[in-house]
file query.cif (mmCIF, C-alpha atoms and all ligand atoms)
data_data
loop_
_atom_site.group_PDB
_atom_site.id
_atom_site.type_symbol
_atom_site.label_atom_id
_atom_site.label_comp_id
_atom_site.auth_asym_id
_atom_site.auth_seq_id
_atom_site.Cartn_x
_atom_site.Cartn_y
_atom_site.Cartn_z
ATOM 1 C CA MET A 36 2.162 15.487 14.737
ATOM 2 C CA LYS A 37 1.079 17.629 17.659
ATOM 3 C CA GLU A 38 1.975 21.322 17.459
ATOM 4 C CA ASP A 39 3.935 21.331 20.729
ATOM 5 C CA LEU A 40 6.137 18.467 19.525
ATOM 6 C CA LYS A 41 6.725 20.248 16.198
ATOM 7 C CA LYS A 42 7.810 23.293 18.199
ATOM 8 C CA TYR A 43 10.066 21.165 20.401
ATOM 9 C CA LEU A 44 11.750 19.669 17.335
ATOM 10 C CA GLY A 45 12.174 23.125 15.811
ATOM 11 C CA GLY A 46 13.925 24.308 18.974
ATOM 12 C CA LEU A 47 16.121 21.214 19.104
ATOM 13 C CA ARG A 48 17.188 21.716 15.476
ATOM 14 C CA VAL A 49 18.230 25.307 16.220
ATOM 15 C CA TYR A 50 20.096 24.105 19.325
ATOM 16 C CA GLY A 51 21.890 21.533 17.155
ATOM 17 C CA VAL A 52 23.014 24.158 14.644
ATOM 18 C CA GLU A 53 24.205 26.464 17.426
ATOM 19 C CA ASN A 54 26.105 23.657 19.167
ATOM 20 C CA ASP A 55 27.557 21.873 16.125
ATOM 21 C CA ILE A 56 25.462 18.742 16.554
ATOM 22 C CA PRO A 57 25.107 17.149 13.100
ATOM 23 C CA ASN A 58 21.389 16.384 13.294
ATOM 24 C CA VAL A 59 19.491 15.257 10.240
ATOM 25 C CA THR A 60 17.596 17.991 8.463
ATOM 26 C CA ASN A 61 13.936 18.662 9.093
ATOM 27 C CA GLU A 62 13.168 17.027 5.732
ATOM 28 C CA VAL A 63 15.060 13.823 6.530
ATOM 29 C CA GLY A 64 13.408 13.651 9.962
ATOM 30 C CA SER A 65 10.011 14.136 8.405
ATOM 31 C CA PHE A 66 10.748 11.524 5.730
ATOM 32 C CA LEU A 67 11.790 8.962 8.366
ATOM 33 C CA ASN A 68 8.607 9.673 10.281
ATOM 34 C CA MET A 69 6.445 9.163 7.194
ATOM 35 C CA LEU A 70 8.286 5.999 6.123
ATOM 36 C CA ILE A 71 7.666 4.448 9.536
ATOM 37 C CA GLN A 72 3.968 5.280 9.287
ATOM 38 C CA VAL A 73 3.835 3.618 5.865
ATOM 39 C CA LYS A 74 6.020 0.607 6.643
ATOM 40 C CA ARG A 75 4.542 0.056 10.134
ATOM 41 C CA PRO A 76 7.614 -1.759 11.529
ATOM 42 C CA LYS A 77 7.575 -3.535 14.861
ATOM 43 C CA ILE A 78 11.214 -3.093 15.874
ATOM 44 C CA ILE A 79 13.333 -0.106 14.797
ATOM 45 C CA LEU A 80 17.095 0.333 15.192
ATOM 46 C CA GLU A 81 18.965 3.631 15.028
ATOM 47 C CA ILE A 82 22.759 3.807 14.843
ATOM 48 C CA GLY A 83 23.867 7.253 16.021
ATOM 49 C CA CYS A 84 21.262 9.220 17.973
ATOM 50 C CA ALA A 85 23.479 12.183 18.980
ATOM 51 C CA ASN A 86 21.124 14.310 21.125
ATOM 52 C CA GLY A 87 18.007 12.501 19.929
ATOM 53 C CA TYR A 88 16.655 14.777 17.198
ATOM 54 C CA SER A 89 16.215 12.019 14.597
ATOM 55 C CA THR A 90 15.180 9.641 17.393
ATOM 56 C CA ILE A 91 12.255 11.894 18.305
ATOM 57 C CA TRP A 92 11.146 12.160 14.662
ATOM 58 C CA MET A 93 11.112 8.347 14.459
ATOM 59 C CA ALA A 94 9.672 7.784 17.930
ATOM 60 C CA GLU A 95 6.643 9.946 17.164
ATOM 61 C CA ALA A 96 5.748 7.603 14.302
ATOM 62 C CA ALA A 97 6.802 4.512 16.284
ATOM 63 C CA GLU A 98 4.253 5.361 18.960
ATOM 64 C CA LYS A 99 1.525 5.643 16.311
ATOM 65 C CA VAL A 100 2.267 2.194 14.865
ATOM 66 C CA GLY A 101 3.134 0.499 18.170
ATOM 67 C CA ALA A 102 6.830 -0.059 17.396
ATOM 68 C CA LYS A 103 9.767 -0.245 19.775
ATOM 69 C CA LEU A 104 12.905 1.755 18.970
ATOM 70 C CA TYR A 105 16.455 0.781 19.912
ATOM 71 C CA THR A 106 19.105 3.472 19.583
ATOM 72 C CA ILE A 107 22.881 3.429 20.045
ATOM 73 C CA ASP A 108 25.578 6.069 20.434
ATOM 74 C CA HIS A 109 29.114 6.177 21.799
ATOM 75 C CA SER A 110 29.439 9.886 22.565
ATOM 76 C CA ALA A 111 28.707 10.567 26.245
ATOM 77 C CA PRO A 112 27.582 14.217 26.337
ATOM 78 C CA THR A 113 25.041 14.033 23.513
ATOM 79 C CA TYR A 114 23.894 10.566 24.641
ATOM 80 C CA ALA A 115 22.872 12.020 28.008
ATOM 81 C CA GLU A 116 21.087 14.858 26.213
ATOM 82 C CA ALA A 117 19.241 12.368 24.012
ATOM 83 C CA GLN A 118 17.960 10.478 27.058
ATOM 84 C CA LYS A 119 16.822 13.739 28.661
ATOM 85 C CA ASN A 120 15.150 14.940 25.456
ATOM 86 C CA ILE A 121 13.316 11.670 24.841
ATOM 87 C CA ALA A 122 12.063 11.716 28.433
ATOM 88 C CA GLU A 123 10.905 15.330 28.031
ATOM 89 C CA VAL A 124 8.704 14.461 25.065
ATOM 90 C CA GLY A 125 7.324 11.357 26.797
ATOM 91 C CA PHE A 126 8.753 8.599 24.592
ATOM 92 C CA SER A 127 11.001 6.820 27.130
ATOM 93 C CA ASP A 128 8.672 3.812 27.492
ATOM 94 C CA PHE A 129 9.368 2.491 24.007
ATOM 95 C CA VAL A 130 12.839 3.921 23.249
ATOM 96 C CA GLU A 131 15.717 1.812 24.546
ATOM 97 C CA PHE A 132 19.177 3.372 24.687
ATOM 98 C CA SER A 133 22.508 1.556 24.471
ATOM 99 C CA PHE A 134 25.801 3.319 25.048
ATOM 100 C CA GLY A 135 28.912 2.178 23.181
ATOM 101 C CA ASP A 136 30.196 1.152 19.787
ATOM 102 C CA ALA A 137 27.291 0.128 17.564
ATOM 103 C CA VAL A 138 29.060 -2.881 16.022
ATOM 104 C CA GLU A 139 29.887 -4.292 19.468
ATOM 105 C CA ILE A 140 26.445 -3.593 20.881
ATOM 106 C CA ILE A 141 24.567 -5.094 17.937
ATOM 107 C CA THR A 142 26.799 -8.172 18.070
ATOM 108 C CA GLN A 143 25.920 -8.624 21.742
ATOM 109 C CA MET A 144 22.165 -8.077 21.417
ATOM 110 C CA ASN A 145 19.802 -10.988 22.150
ATOM 111 C CA GLU A 146 20.050 -13.543 19.396
ATOM 112 C CA GLY A 147 16.352 -13.362 18.575
ATOM 113 C CA LEU A 148 16.205 -9.585 18.262
ATOM 114 C CA LYS A 149 15.435 -8.671 14.628
ATOM 115 C CA PHE A 150 14.720 -5.328 13.001
ATOM 116 C CA ASP A 151 12.335 -4.346 10.257
ATOM 117 C CA PHE A 152 13.403 -0.693 10.047
ATOM 118 C CA VAL A 153 16.949 0.609 10.533
ATOM 119 C CA PHE A 154 18.301 4.152 10.357
ATOM 120 C CA VAL A 155 22.080 4.359 10.012
ATOM 121 C CA ASP A 156 23.649 7.721 10.913
ATOM 122 C CA GLY A 157 26.877 6.774 12.729
ATOM 123 C CA GLN A 158 30.429 7.324 11.529
ATOM 124 C CA LYS A 159 30.307 7.398 7.708
ATOM 125 C CA ALA A 160 33.497 5.370 7.242
ATOM 126 C CA SER A 161 31.882 2.530 9.251
ATOM 127 C CA TYR A 162 28.757 2.161 7.098
ATOM 128 C CA LEU A 163 30.029 -1.103 5.613
ATOM 129 C CA ASP A 164 30.689 -2.495 9.108
ATOM 130 C CA PHE A 165 27.202 -1.433 10.197
ATOM 131 C CA TRP A 166 25.678 -3.059 7.104
ATOM 132 C CA LYS A 167 27.522 -6.319 7.763
ATOM 133 C CA VAL A 168 26.620 -6.500 11.444
ATOM 134 C CA ILE A 169 22.876 -5.954 10.904
ATOM 135 C CA GLN A 170 22.630 -8.673 8.213
ATOM 136 C CA ASP A 171 21.571 -11.480 10.548
ATOM 137 C CA ARG A 172 19.094 -9.207 12.265
ATOM 138 C CA LEU A 173 16.982 -8.051 9.327
ATOM 139 C CA VAL A 174 13.564 -9.563 8.737
ATOM 140 C CA PRO A 175 12.595 -10.051 5.073
ATOM 141 C CA GLY A 176 11.244 -6.774 3.722
ATOM 142 C CA ALA A 177 13.211 -4.695 6.221
ATOM 143 C CA VAL A 178 13.834 -1.071 5.239
ATOM 144 C CA ILE A 179 17.274 0.381 5.937
ATOM 145 C CA ILE A 180 18.106 4.078 5.516
ATOM 146 C CA PHE A 181 21.666 5.401 5.321
ATOM 147 C CA ASP A 182 22.025 9.137 5.861
ATOM 148 C CA ASP A 183 24.523 11.511 4.233
ATOM 149 C CA MET A 184 25.385 9.283 1.275
ATOM 150 C CA MET A 185 25.894 12.293 -0.972
ATOM 151 C CA ALA A 186 27.256 14.663 1.659
ATOM 152 C CA PHE A 187 30.297 12.437 2.312
ATOM 153 C CA PRO A 188 31.018 10.557 -0.932
ATOM 154 C CA GLU A 189 34.639 9.790 -0.044
ATOM 155 C CA LYS A 190 33.887 8.442 3.420
ATOM 156 C CA THR A 191 31.000 6.322 2.151
ATOM 157 C CA LYS A 192 32.771 5.160 -1.052
ATOM 158 C CA GLU A 193 33.796 1.711 0.210
ATOM 159 C CA PHE A 194 30.230 1.048 1.327
ATOM 160 C CA HIS A 195 28.771 2.526 -1.864
ATOM 161 C CA ASP A 196 31.006 0.333 -4.054
ATOM 162 C CA PHE A 197 30.213 -2.761 -2.003
ATOM 163 C CA MET A 198 26.472 -2.172 -2.372
ATOM 164 C CA GLN A 199 26.750 -2.085 -6.170
ATOM 165 C CA SER A 200 27.263 -5.845 -6.254
ATOM 166 C CA GLU A 201 25.161 -6.733 -3.198
ATOM 167 C CA GLU A 202 22.393 -9.227 -3.984
ATOM 168 C CA GLY A 203 18.973 -9.720 -2.437
ATOM 169 C CA ILE A 204 18.272 -6.022 -2.022
ATOM 170 C CA GLU A 205 16.650 -3.115 -3.793
ATOM 171 C CA GLN A 206 18.217 0.283 -3.327
ATOM 172 C CA LEU A 207 17.584 3.866 -4.289
ATOM 173 C CA LEU A 208 19.705 6.942 -3.613
ATOM 174 C CA ILE A 209 17.417 9.886 -2.959
ATOM 175 C CA PRO A 210 18.942 13.389 -3.216
ATOM 176 C CA ILE A 211 16.828 14.707 -0.382
ATOM 177 C CA ASP A 212 17.736 18.256 0.663
ATOM 178 C CA GLY A 213 19.920 18.695 -2.381
ATOM 179 C CA ASN A 214 23.189 17.542 -0.870
ATOM 180 C CA ASP A 215 22.439 15.144 2.022
ATOM 181 C CA GLY A 216 21.337 12.159 0.017
ATOM 182 C CA ILE A 217 19.864 9.121 1.707
ATOM 183 C CA LEU A 218 20.197 5.556 0.501
ATOM 184 C CA VAL A 219 16.975 3.589 0.935
ATOM 185 C CA VAL A 220 17.450 -0.188 0.926
ATOM 186 C CA ILE A 221 14.879 -2.975 1.030
ATOM 187 C CA LYS A 222 16.258 -6.331 2.114
ATOM 188 C CA HIS A 223 14.521 -9.351 0.607
HETATM 189 C C1 LIG A 301 25.487 12.492 12.533
HETATM 190 S S1 LIG A 301 25.429 12.203 14.249
HETATM 191 C C2 LIG A 301 23.831 11.552 14.501
HETATM 192 C C3 LIG A 301 22.768 12.584 14.415
HETATM 193 C C4 LIG A 301 21.407 12.068 14.802
HETATM 194 N N1 LIG A 301 21.031 10.897 14.022
HETATM 195 C C5 LIG A 301 20.385 13.143 14.591
HETATM 196 O O1 LIG A 301 19.974 13.328 13.437
HETATM 197 O O2 LIG A 301 20.004 13.807 15.547
HETATM 198 C C6 LIG A 301 26.404 10.750 14.395
HETATM 199 C C7 LIG A 301 26.383 10.144 15.772
HETATM 200 O O3 LIG A 301 26.839 8.801 15.628
HETATM 201 C C8 LIG A 301 27.643 8.465 16.727
HETATM 202 N N2 LIG A 301 28.509 7.357 16.283
HETATM 203 C C9 LIG A 301 29.407 7.364 15.268
HETATM 204 N N3 LIG A 301 29.966 6.173 15.101
HETATM 205 C C10 LIG A 301 29.430 5.365 16.054
HETATM 206 C C11 LIG A 301 29.618 4.022 16.432
HETATM 207 N N4 LIG A 301 30.486 3.236 15.778
HETATM 208 N N5 LIG A 301 28.911 3.520 17.452
HETATM 209 C C12 LIG A 301 28.030 4.314 18.133
HETATM 210 N N6 LIG A 301 27.798 5.608 17.825
HETATM 211 C C13 LIG A 301 28.479 6.131 16.811
HETATM 212 C C14 LIG A 301 28.371 9.758 17.086
HETATM 213 O O4 LIG A 301 28.763 9.754 18.430
HETATM 214 C C15 LIG A 301 27.316 10.816 16.761
HETATM 215 O O5 LIG A 301 26.593 11.191 17.908
#
call {"tool": "encode", "arguments": {"input": "query.cif", "output": "structure tokens", "more": "lines below"}}
Ligand SMILES: C[S@@+](CC[C@H](N)C(=O)[O-])C[C@H]1O[C@@H](n2cnc3c(N)ncnc32)[C@H](O)[C@@H]1O
result
Amino acid sequence: MKEDLKKYLGGLRVYGVENDIPNVTNEVGSFLNMLIQVKRPKIILEIGCANGYSTIWMAEAAEKVGAKLYTIDHSAPTYAEAQKNIAEVGFSDFVEFSFGDAVEIITQMNEGLKFDFVFVDGQKASYLDFWKVIQDRLVPGAVIIFDDMMAFPEKTKEFHDFMQSEEGIEQLLIPIDGNDGILVVIKH
């Protein structure tokens, strides 16, 4: 990653802390970036971009592998910031924004649109709804990452319990950053 983009991300992370924007940590952002470089997806989906911090981490890798990134959020002020920030770092050509509830937007997306990498960071209590709505849109071998699985065990419990008996997937809970915890899922 170029030094000026690293600096930009560093500044955005500080801005997030100062303004109570619940961005992913530097480690989670970096991990997403590396996973995309390894997986080399074609179409990426993000649920919950806030002001675009995680989006930029993913977009940097998406540009390297020639992927397109779709991102969704329903909070107006940070959504506008995300669009501005993505434009500032020059990624607007391959990042497509949708404003509104993720479940509704995904349901209304073109029938043929499928994802091979998904990052879920919307409302924790809706993780099960997000999981259900992306089912028909995952290509075999798709990688899906759920953030904050350890940070909010009560809010993610219904989803966590559901996943215990889910078939056709492999999953691993990674205690990244000590208390964030991301769930990595591969859909067969
Ligand atoms: C934890 S923040 C995302 C942080 C962002 N991924 C980052 O690391 O910079 C969660 C975001 O998800 C959005 N969100 C929550 N539930 C949503 C839903 N059902 N549809 C769309 N956006 C949602 C919120 O508005 C908020 O901006």
call {"tool": "residues_around", "arguments": {"input": "query.cif", "residues": "Val59 of chain A", "least_positions_apart": "6", "cutoff": "10 Å", "atoms": "all atoms listed in the file", "output": "ChimeraX atom specification"}}
result
/A:48,51,65,84,88-89,92,156,182-183,215
call {"tool": "residues_near_ligand", "arguments": {"input": "query.cif", "ligand": "ligand LIG 301 (chain A)", "cutoff": "6 Å", "atoms": "only C-alpha atoms and all ligand atoms", "output": "ChimeraX atom specification"}}
result
/A:57-59,83-89,107-110,135-137,156-158
call {"tool": "residues_around", "arguments": {"input": "query.cif", "residues": "segment 196-202 of chain A", "least_positions_apart": "3", "cutoff": "12 Å", "atoms": "all atoms listed in the file", "output": "list in words"}}
result
Tyr162, Leu163, Asp164, Trp166, Lys167, Gln170, Phe181, Met184, Pro188, Glu189, Lys190, Thr191, Lys192, Glu193, Glu205, Gln206, Leu207, Leu208, Leu218, Val219, Val220, Ile221, Lys222 and His223 of chain A
call {"tool": "residues_around", "arguments": {"input": "query.cif", "residues": "Glu131 of chain A", "least_positions_apart": "3", "cutoff": "9 Å", "atoms": "only C-alpha atoms", "output": "PyMOL selection string"}}
result
chain A and resi 103-107+127-128
call {"tool": "resolve_selection", "arguments": {"input": "query.cif", "expression": "the PyMOL selection byres (((chain A and resi 45) around 12) and not hetatm)", "output": "list of chain:residue names"}}
result
A:Glu38, A:Asp39, A:Leu40, A:Lys41, A:Lys42, A:Tyr43, A:Leu44, A:Gly46, A:Leu47, A:Arg48, A:Val49, A:Tyr50, A:Gly51, A:Val52, A:Asn58, A:Thr60, A:Asn61, A:Glu62, A:Gly64, A:Ser65, A:Tyr88, A:Ser89, A:Ile91, A:Trp92
call {"tool": "closest_residue", "arguments": {"input": "query.cif", "among": "A:Thr90, A:Leu173, A:Val138, A:Lys149", "to": "Val124 of chain A", "atoms": "all atoms listed in the file"}}
result
A:Thr90
call {"tool": "resolve_selection", "arguments": {"input": "query.cif", "expression": "the PyMOL selection byres (((chain A and resi 76) around 9) and not hetatm)", "output": "list in words"}}
result
Ile71, Gln72, Val73, Lys74, Arg75, Lys77, Ile78, Ile79, Ala97, Val100, Gly101, Ala102, Lys103, Phe150, Asp151, Phe152, Ala177 and Val178 of chain A
call {"tool": "closest_residue", "arguments": {"input": "query.cif", "among": "A:Thr142, A:Ala94, A:Phe66, A:Asn214", "to": "Val130 of chain A", "atoms": "only C-alpha atoms"}}
result
A:Ala94
call {"tool": "atom_distance", "arguments": {"input": "query.cif", "atom1": "atom CA of Val155 of chain A", "atom2": "atom CA of Ile180 of chain A"}}
result
6.0 Å
call {"tool": "atom_distance", "arguments": {"input": "query.cif", "atom1": "atom CA of Val63 of chain A", "atom2": "atom CA of Lys37 of chain A"}}
result
18.3 Å
call {"tool": "atom_distance", "arguments": {"input": "query.cif", "atom1": "atom CA of Ile169 of chain A", "atom2": "atom CA of Ile204 of chain A"}}
result
13.7 Å
call {"tool": "axis_aligned_box", "arguments": {"input": "query.cif", "around": "segment 151-165 of chain A", "padding_each_side": "5 Å", "output": "JSON"}}
result
{"center_x": 22.9, "center_y": 1.7, "center_z": 9.2, "size_x": 31.2, "size_y": 22.1, "size_z": 17.1}
call {"tool": "closest_residue", "arguments": {"input": "query.cif", "among": "A:Leu148, A:Ala186, A:Phe154, A:Ser161", "to": "Val174 of chain A", "atoms": "only C-alpha atoms"}}
result
A:Leu148
call {"tool": "decode", "arguments": {"input": "query.cif", "residues": "segment 47-82 of chain A", "atoms": "N, CA and C atoms", "output": "PDB file, in the first residue's frame"}}
result
ATOM      1  N   LEU A  47      -7.983   8.938   9.119  1.00  0.00           N
ATOM      2  CA  LEU A  47      -9.419   8.618   9.152  1.00  0.00           C
ATOM      3  C   LEU A  47      -9.769   7.820  10.410  1.00  0.00           C
ATOM      4  N   ARG A  48      -8.852   6.960  10.827  1.00  0.00           N
ATOM      5  CA  ARG A  48      -9.084   6.144  12.036  1.00  0.00           C
ATOM      6  C   ARG A  48      -9.138   7.049  13.268  1.00  0.00           C
ATOM      7  N   VAL A  49      -8.244   8.022  13.320  1.00  0.00           N
ATOM      8  CA  VAL A  49      -8.230   8.977  14.440  1.00  0.00           C
ATOM      9  C   VAL A  49      -9.526   9.792  14.427  1.00  0.00           C
ATOM     10  N   TYR A  50      -9.922  10.236  13.233  1.00  0.00           N
ATOM     11  CA  TYR A  50     -11.173  10.993  13.087  1.00  0.00           C
ATOM     12  C   TYR A  50     -12.357  10.156  13.589  1.00  0.00           C
ATOM     13  N   GLY A  51     -12.344   8.869  13.276  1.00  0.00           N
ATOM     14  CA  GLY A  51     -13.423   7.976  13.705  1.00  0.00           C
ATOM     15  C   GLY A  51     -13.505   7.872  15.221  1.00  0.00           C
ATOM     16  N   VAL A  52     -12.335   7.739  15.852  1.00  0.00           N
ATOM     17  CA  VAL A  52     -12.304   7.648  17.325  1.00  0.00           C
ATOM     18  C   VAL A  52     -12.822   8.958  17.922  1.00  0.00           C
ATOM     19  N   GLU A  53     -12.367  10.058  17.372  1.00  0.00           N
ATOM     20  CA  GLU A  53     -12.771  11.377  17.920  1.00  0.00           C
ATOM     21  C   GLU A  53     -14.253  11.670  17.700  1.00  0.00           C
ATOM     22  N   ASN A  54     -14.838  11.059  16.675  1.00  0.00           N
ATOM     23  CA  ASN A  54     -16.237  11.364  16.336  1.00  0.00           C
ATOM     24  C   ASN A  54     -17.190  10.182  16.562  1.00  0.00           C
ATOM     25  N   ASP A  55     -16.725   9.225  17.367  1.00  0.00           N
ATOM     26  CA  ASP A  55     -17.570   8.069  17.716  1.00  0.00           C
ATOM     27  C   ASP A  55     -18.089   7.298  16.506  1.00  0.00           C
ATOM     28  N   ILE A  56     -17.252   7.141  15.509  1.00  0.00           N
ATOM     29  CA  ILE A  56     -17.631   6.311  14.356  1.00  0.00           C
ATOM     30  C   ILE A  56     -17.005   4.929  14.587  1.00  0.00           C
ATOM     31  N   PRO A  57     -17.829   3.891  14.664  1.00  0.00           N
ATOM     32  CA  PRO A  57     -17.293   2.569  15.044  1.00  0.00           C
ATOM     33  C   PRO A  57     -16.588   1.840  13.896  1.00  0.00           C
ATOM     34  N   ASN A  58     -15.505   2.433  13.425  1.00  0.00           N
ATOM     35  CA  ASN A  58     -14.733   1.805  12.339  1.00  0.00           C
ATOM     36  C   ASN A  58     -14.087   0.510  12.816  1.00  0.00           C
ATOM     37  N   VAL A  59     -13.791  -0.358  11.867  1.00  0.00           N
ATOM     38  CA  VAL A  59     -13.002  -1.540  12.213  1.00  0.00           C
ATOM     39  C   VAL A  59     -11.635  -1.070  12.691  1.00  0.00           C
ATOM     40  N   THR A  60     -10.924  -1.953  13.349  1.00  0.00           N
ATOM     41  CA  THR A  60      -9.569  -1.599  13.774  1.00  0.00           C
ATOM     42  C   THR A  60      -8.627  -1.652  12.574  1.00  0.00           C
ATOM     43  N   ASN A  61      -7.464  -1.103  12.766  1.00  0.00           N
ATOM     44  CA  ASN A  61      -6.413  -1.165  11.751  1.00  0.00           C
ATOM     45  C   ASN A  61      -6.112  -2.623  11.373  1.00  0.00           C
ATOM     46  N   GLU A  62      -6.108  -3.501  12.386  1.00  0.00           N
ATOM     47  CA  GLU A  62      -5.786  -4.910  12.125  1.00  0.00           C
ATOM     48  C   GLU A  62      -6.859  -5.576  11.281  1.00  0.00           C
ATOM     49  N   VAL A  63      -8.131  -5.301  11.594  1.00  0.00           N
ATOM     50  CA  VAL A  63      -9.212  -5.910  10.804  1.00  0.00           C
ATOM     51  C   VAL A  63      -9.169  -5.368   9.370  1.00  0.00           C
ATOM     52  N   GLY A  64      -8.949  -4.062   9.232  1.00  0.00           N
ATOM     53  CA  GLY A  64      -8.847  -3.474   7.893  1.00  0.00           C
ATOM     54  C   GLY A  64      -7.728  -4.119   7.098  1.00  0.00           C
ATOM     55  N   SER A  65      -6.601  -4.275   7.744  1.00  0.00           N
ATOM     56  CA  SER A  65      -5.439  -4.865   7.091  1.00  0.00           C
ATOM     57  C   SER A  65      -5.705  -6.328   6.712  1.00  0.00           C
ATOM     58  N   PHE A  66      -6.399  -7.033   7.612  1.00  0.00           N
ATOM     59  CA  PHE A  66      -6.723  -8.444   7.353  1.00  0.00           C
ATOM     60  C   PHE A  66      -7.667  -8.569   6.152  1.00  0.00           C
ATOM     61  N   LEU A  67      -8.672  -7.691   6.083  1.00  0.00           N
ATOM     62  CA  LEU A  67      -9.595  -7.705   4.944  1.00  0.00           C
ATOM     63  C   LEU A  67      -8.830  -7.462   3.637  1.00  0.00           C
ATOM     64  N   ASN A  68      -7.937  -6.500   3.688  1.00  0.00           N
ATOM     65  CA  ASN A  68      -7.135  -6.158   2.523  1.00  0.00           C
ATOM     66  C   ASN A  68      -6.311  -7.365   2.056  1.00  0.00           C
ATOM     67  N   MET A  69      -5.692  -8.044   3.009  1.00  0.00           N
ATOM     68  CA  MET A  69      -4.856  -9.201   2.644  1.00  0.00           C
ATOM     69  C   MET A  69      -5.694 -10.359   2.114  1.00  0.00           C
ATOM     70  N   LEU A  70      -6.858 -10.589   2.780  1.00  0.00           N
ATOM     71  CA  LEU A  70      -7.738 -11.680   2.330  1.00  0.00           C
ATOM     72  C   LEU A  70      -8.180 -11.473   0.892  1.00  0.00           C
ATOM     73  N   ILE A  71      -8.491 -10.229   0.548  1.00  0.00           N
ATOM     74  CA  ILE A  71      -8.932  -9.936  -0.829  1.00  0.00           C
ATOM     75  C   ILE A  71      -7.786 -10.196  -1.816  1.00  0.00           C
ATOM     76  N   GLN A  72      -6.573  -9.849  -1.404  1.00  0.00           N
ATOM     77  CA  GLN A  72      -5.434 -10.116  -2.298  1.00  0.00           C
ATOM     78  C   GLN A  72      -5.218 -11.611  -2.496  1.00  0.00           C
ATOM     79  N   VAL A  73      -5.506 -12.395  -1.446  1.00  0.00           N
ATOM     80  CA  VAL A  73      -5.320 -13.846  -1.544  1.00  0.00           C
ATOM     81  C   VAL A  73      -6.464 -14.489  -2.313  1.00  0.00           C
ATOM     82  N   LYS A  74      -7.675 -14.109  -1.975  1.00  0.00           N
ATOM     83  CA  LYS A  74      -8.876 -14.712  -2.569  1.00  0.00           C
ATOM     84  C   LYS A  74      -9.106 -14.266  -4.020  1.00  0.00           C
ATOM     85  N   ARG A  75      -8.699 -13.025  -4.321  1.00  0.00           N
ATOM     86  CA  ARG A  75      -8.867 -12.428  -5.645  1.00  0.00           C
ATOM     87  C   ARG A  75     -10.328 -12.513  -6.133  1.00  0.00           C
ATOM     88  N   PRO A  76     -11.268 -11.956  -5.346  1.00  0.00           N
ATOM     89  CA  PRO A  76     -12.672 -11.988  -5.760  1.00  0.00           C
ATOM     90  C   PRO A  76     -12.909 -11.053  -6.933  1.00  0.00           C
ATOM     91  N   LYS A  77     -14.057 -11.263  -7.575  1.00  0.00           N
ATOM     92  CA  LYS A  77     -14.433 -10.367  -8.680  1.00  0.00           C
ATOM     93  C   LYS A  77     -15.431  -9.313  -8.193  1.00  0.00           C
ATOM     94  N   ILE A  78     -16.363  -9.750  -7.346  1.00  0.00           N
ATOM     95  CA  ILE A  78     -17.410  -8.837  -6.874  1.00  0.00           C
ATOM     96  C   ILE A  78     -17.490  -8.918  -5.345  1.00  0.00           C
ATOM     97  N   ILE A  79     -17.298  -7.769  -4.709  1.00  0.00           N
ATOM     98  CA  ILE A  79     -17.276  -7.679  -3.238  1.00  0.00           C
ATOM     99  C   ILE A  79     -18.515  -6.909  -2.769  1.00  0.00           C
ATOM    100  N   LEU A  80     -19.079  -7.354  -1.648  1.00  0.00           N
ATOM    101  CA  LEU A  80     -20.195  -6.630  -1.029  1.00  0.00           C
ATOM    102  C   LEU A  80     -19.807  -6.253   0.392  1.00  0.00           C
ATOM    103  N   GLU A  81     -20.104  -5.017   0.765  1.00  0.00           N
ATOM    104  CA  GLU A  81     -19.931  -4.591   2.161  1.00  0.00           C
ATOM    105  C   GLU A  81     -21.277  -4.117   2.694  1.00  0.00           C
ATOM    106  N   ILE A  82     -21.647  -4.634   3.866  1.00  0.00           N
ATOM    107  CA  ILE A  82     -22.864  -4.156   4.541  1.00  0.00           C
ATOM    108  C   ILE A  82     -22.419  -3.286   5.712  1.00  0.00           C
TER     109      ILE A  82
END
